[in-house]
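Q: For reference, the structure I am asking about is given below.
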Amino acid sequence: MRTGDEELVAAAQEGNQQAFEELVERHKQKAYHIAFDFCRDREDAKDLSQEAFLKAFVNLKKFDGRSSFYTWFYRILVNLCLDYKRRLKRSPTDSFDETLENQMERSHEPNRPRSPDQQVLAGQISRKVDVALQALPAKQRTAFLLKNHQGLSIKEIAELMQTAEGTVKVHLHRAVTALRHSLAEFV
Amino acid sequence: MAGHGQLLSPCKNLEEDLVLFHYGELPAPEHFSLEQHLSGCANCTAYLKDLSALMPLTIKTDDPPETFWLDYNRELRHKIAATRDKSWWPAKFGAFFQPRLLTAFGAIAVIAVALTLTLGKGVWQSRDLPREDEALMEVLPMAEDLDFFKTMDVLDNLDVLEFMASPEGAA
């Protein structure tokens, strides 16, 4: 029978490193993909998700089980991702768009080969989508990415963002409306 | 894929519900009534179609190879080890000042001070006295003894006086 997260957390709190490694094993892919949604860069997504695990490890003794480990951990991760965005805004030399463009080419590599026309169109869409996502306010983008990309429920997003479900719905609605207008040419 | 870019506006009061409907988050009663509305509203239906076409475009997937995950685990293990080494001293030092330990330590200290003051009172007093006082303290009991014997002498004399005052003594 699979041990629950909470039991692993309890064991890790007692100093069992294997238990913590098991938690990493369970959550690393999802953590990585959430971080990738925010930063669109493989190395940065790796660093951000690892930093989240590191923070969780250091603060594990403070985790009191009032929320699930899942919520607690992903809250750490989302906060780090938002900090990352803020840091990027402060350092214009490390352009998000440049990172993004290079990365998008790589991230689409495993897909089937495409005709030159398709590639051009995909590149256009990619750039437009990235610009539109970047233009969203942080909370709207967070709600949108967690819903649209990660498929989290409104309730889960509200817990992660430490806000009311109604507020998440408003953020999501505004994000979707803005993106629909930005991407209207592709309808 | 690229279209004309003309967007139809959905019914304003239903826009938020349409977004939730798209993500399967609309509760059952509203879901049912919205479905009924959609059957007669071209604009709201078009809005949902737009969402179905556009929202998946925003998703970018990245599936790193197996070697990436091996590096990921190895790097994370190193980072955790480095953090543990770095935080060992402050953690141990900090643990000493945890509220519970600090309270216990305080209580032990108070008890120790109280016991020392109570049990070691005589020792402390004699040590604290100046040299002249020490000499006085040695003489004092002897002087008290002397007073005692003097009193006894007086009492003896009283007996003599009483005897003398009595008729037998007078005789």
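Residue names in the structure tokens use chain letters A, B, ... in the order shown, residue numbers from 1 in each chain, and ligand numbers from 1 in the order shown.
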Residues near segment 52-63 of chain B, anyone? I mean within 7 Å using only C-alpha atoms, not counting same-chain ones fewer than 6 positions away, as number ranges by chain.

A: A: 107, 129, 149, 180, 187

Q: Find the spatial neighbours of segment 24-27 of chain B, counting only C-alpha atoms, within a cut-off of 10 Å - ignore same-chain residues fewer than 5 positions away - and output them as a list in words.

A: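 Neighbouring residues, sequence-local ones excluded: Ser153, Ile154, Lys155 and Lys169 of chain A; Glu16, Asp17, Leu18, Val19, Phe32 and Leu34 of chain B.
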
Q: List the spatial neighbours of Leu48 of chain A as a PDB file with C-alpha atoms, in the first residue's frame - criterion: any atom at most 7 Å away, only C-alpha atoms, same-chain residues fewer than 2 positions off excluded.

A:
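Saved file result-v6.pdb follows:
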```pdb
ATOM      1  CA  ALA A  35       7.665  26.286 -12.577  1.00  0.00           C
ATOM      2  CA  ASP A  44      15.127  28.112 -14.416  1.00  0.00           C
ATOM      3  CA  ALA A  45      12.216  25.719 -13.923  1.00  0.00           C
ATOM      4  CA  LYS A  46      14.649  23.161 -12.523  1.00  0.00           C
ATOM      5  CA  GLN A  50      14.540  22.520  -6.532  1.00  0.00           C
ATOM      6  CA  GLU A  51      14.518  25.703  -4.482  1.00  0.00           C
ATOM      7  CA  ALA A  52      10.936  24.934  -3.471  1.00  0.00           C
ATOM      8  CA  LEU A  80       8.949  31.426  -5.620  1.00  0.00           C
ATOM      9  CA  CYS A  81       7.685  31.571  -9.199  1.00  0.00           C
TER      10      CYS A  81
END
```

Q: Output the contact residues of chain A with respect to chain B at a cut-off of 9 Å, based on only C-alpha atoms, as a PDB file with C-alpha atoms, in the first residue's frame.

A:
```pdb
ATOM      1  CA  GLU A  21      13.312  11.850  -1.071  1.00  0.00           C
ATOM      2  CA  VAL A  24      10.469  14.744  -3.931  1.00  0.00           C
ATOM      3  CA  GLU A  25       9.990  11.761  -6.220  1.00  0.00           C
ATOM      4  CA  LYS A  28       9.055  16.762  -8.702  1.00  0.00           C
ATOM      5  CA  GLN A  29       7.442  16.434 -12.139  1.00  0.00           C
ATOM      6  CA  HIS A  33       5.926  21.758 -14.880  1.00  0.00           C
ATOM      7  CA  PHE A  36       8.070  25.857 -16.330  1.00  0.00           C
ATOM      8  CA  ASP A  37       4.637  27.412 -16.906  1.00  0.00           C
ATOM      9  CA  ARG A  40       9.307  28.930 -19.710  1.00  0.00           C
ATOM     10  CA  ARG A  42      14.148  24.497 -18.502  1.00  0.00           C
ATOM     11  CA  LYS A  46      14.649  23.161 -12.523  1.00  0.00           C
ATOM     12  CA  GLN A  50      14.540  22.520  -6.532  1.00  0.00           C
ATOM     13  CA  GLU A  51      14.518  25.703  -4.482  1.00  0.00           C
ATOM     14  CA  PHE A  53      11.963  21.451  -2.299  1.00  0.00           C
ATOM     15  CA  LEU A  54      14.905  22.948  -0.438  1.00  0.00           C
ATOM     16  CA  PHE A  57      13.100  20.618   3.599  1.00  0.00           C
ATOM     17  CA  VAL A  58      14.414  23.487   5.728  1.00  0.00           C
ATOM     18  CA  MET A 104       9.981  27.450 -26.838  1.00  0.00           C
ATOM     19  CA  ARG A 106      13.505  23.504 -27.553  1.00  0.00           C
ATOM     20  CA  SER A 107      10.320  22.624 -25.741  1.00  0.00           C
ATOM     21  CA  HIS A 108       8.558  21.913 -29.020  1.00  0.00           C
ATOM     22  CA  PRO A 110      10.014  16.417 -29.275  1.00  0.00           C
ATOM     23  CA  LEU A 121       2.573  29.887 -37.616  1.00  0.00           C
ATOM     24  CA  ILE A 125       1.298  31.902 -31.967  1.00  0.00           C
ATOM     25  CA  SER A 126       3.971  31.107 -29.413  1.00  0.00           C
ATOM     26  CA  VAL A 129       0.715  33.811 -26.423  1.00  0.00           C
ATOM     27  CA  ASP A 130       3.822  34.546 -24.409  1.00  0.00           C
ATOM     28  CA  LEU A 133       0.505  35.844 -20.760  1.00  0.00           C
ATOM     29  CA  LEU A 145      -1.799  28.871 -15.312  1.00  0.00           C
ATOM     30  CA  LYS A 147      -6.299  26.134 -13.962  1.00  0.00           C
ATOM     31  CA  ASN A 148      -5.594  26.009 -17.674  1.00  0.00           C
ATOM     32  CA  HIS A 149      -2.162  24.352 -17.604  1.00  0.00           C
ATOM     33  CA  GLY A 151      -5.920  21.499 -14.226  1.00  0.00           C
ATOM     34  CA  SER A 153      -9.660  22.872  -9.158  1.00  0.00           C
ATOM     35  CA  ILE A 154     -10.845  26.360  -8.181  1.00  0.00           C
ATOM     36  CA  LYS A 169     -13.099  32.866 -10.382  1.00  0.00           C
ATOM     37  CA  VAL A 170     -12.831  36.590 -10.995  1.00  0.00           C
ATOM     38  CA  LEU A 172      -9.671  33.430 -14.073  1.00  0.00           C
ATOM     39  CA  HIS A 173     -12.485  35.172 -15.899  1.00  0.00           C
ATOM     40  CA  ARG A 174     -10.430  38.337 -16.397  1.00  0.00           C
ATOM     41  CA  VAL A 176      -9.440  34.377 -20.072  1.00  0.00           C
ATOM     42  CA  THR A 177     -11.164  37.509 -21.391  1.00  0.00           C
ATOM     43  CA  LEU A 179      -6.221  36.306 -23.565  1.00  0.00           C
ATOM     44  CA  ARG A 180      -9.195  35.848 -25.863  1.00  0.00           C
ATOM     45  CA  HIS A 181      -8.862  39.427 -27.039  1.00  0.00           C
ATOM     46  CA  LEU A 183      -5.309  36.006 -29.439  1.00  0.00           C
ATOM     47  CA  ALA A 184      -8.396  36.971 -31.462  1.00  0.00           C
ATOM     48  CA  GLU A 185      -6.488  36.769 -34.751  1.00  0.00           C
ATOM     49  CA  PHE A 186      -6.027  33.008 -34.279  1.00  0.00           C
ATOM     50  CA  VAL A 187      -9.742  32.258 -33.929  1.00  0.00           C
TER      51      VAL A 187
END
```

Q: Give me the residues within 7 Å of segment 67-79 of chain A as a list in words, counting only C-alpha atoms and dropping any in the same chain fewer than 6 places off.

A: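 Contacts, in chain order: Asp5, Glu6, Ser49, Ala52, Ala56, Glu159, Leu160 and Met161 of chain A.
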
Q: Output the selection as a CSV table (one decimal), in the first residue's frame - C-alpha atoms for each residue.

A:
```
chain,number,residue,atom,x,y,z
A,5,ASP,CA,2.2,12.2,2.0
A,6,GLU,CA,1.4,13.0,5.6
A,49,SER,CA,11.4,23.6,-8.3
A,52,ALA,CA,10.9,24.9,-3.5
A,56,ALA,CA,10.2,22.7,2.2
A,159,GLU,CA,-5.9,27.3,-1.1
A,160,LEU,CA,-2.6,27.8,-3.0
A,161,MET,CA,-3.2,31.5,-3.5
```

Q: Taking only segment 99-178 of chain A into account, list the residues labelled alpha helix (DSSP H) by DSSP (computed from the backbone), as a count of residues only.

A: 58

Q: Which residue gives the smallest distance to His171 of chain A among A:Ala12, A:Leu146, A:Ala31, A:Cys39, with only C-alpha atoms counted?

A: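 Ranked by minimum distance to His171 of chain A, first place goes to A:Leu146.
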
Q: Which distance in Å separates atom CA of Leu60 of chain A and atom CA of Val9 of chain A, to one decimal?

A: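 Pair atom CA of Leu60 of chain A / atom CA of Val9 of chain A returns 7.7 Å.
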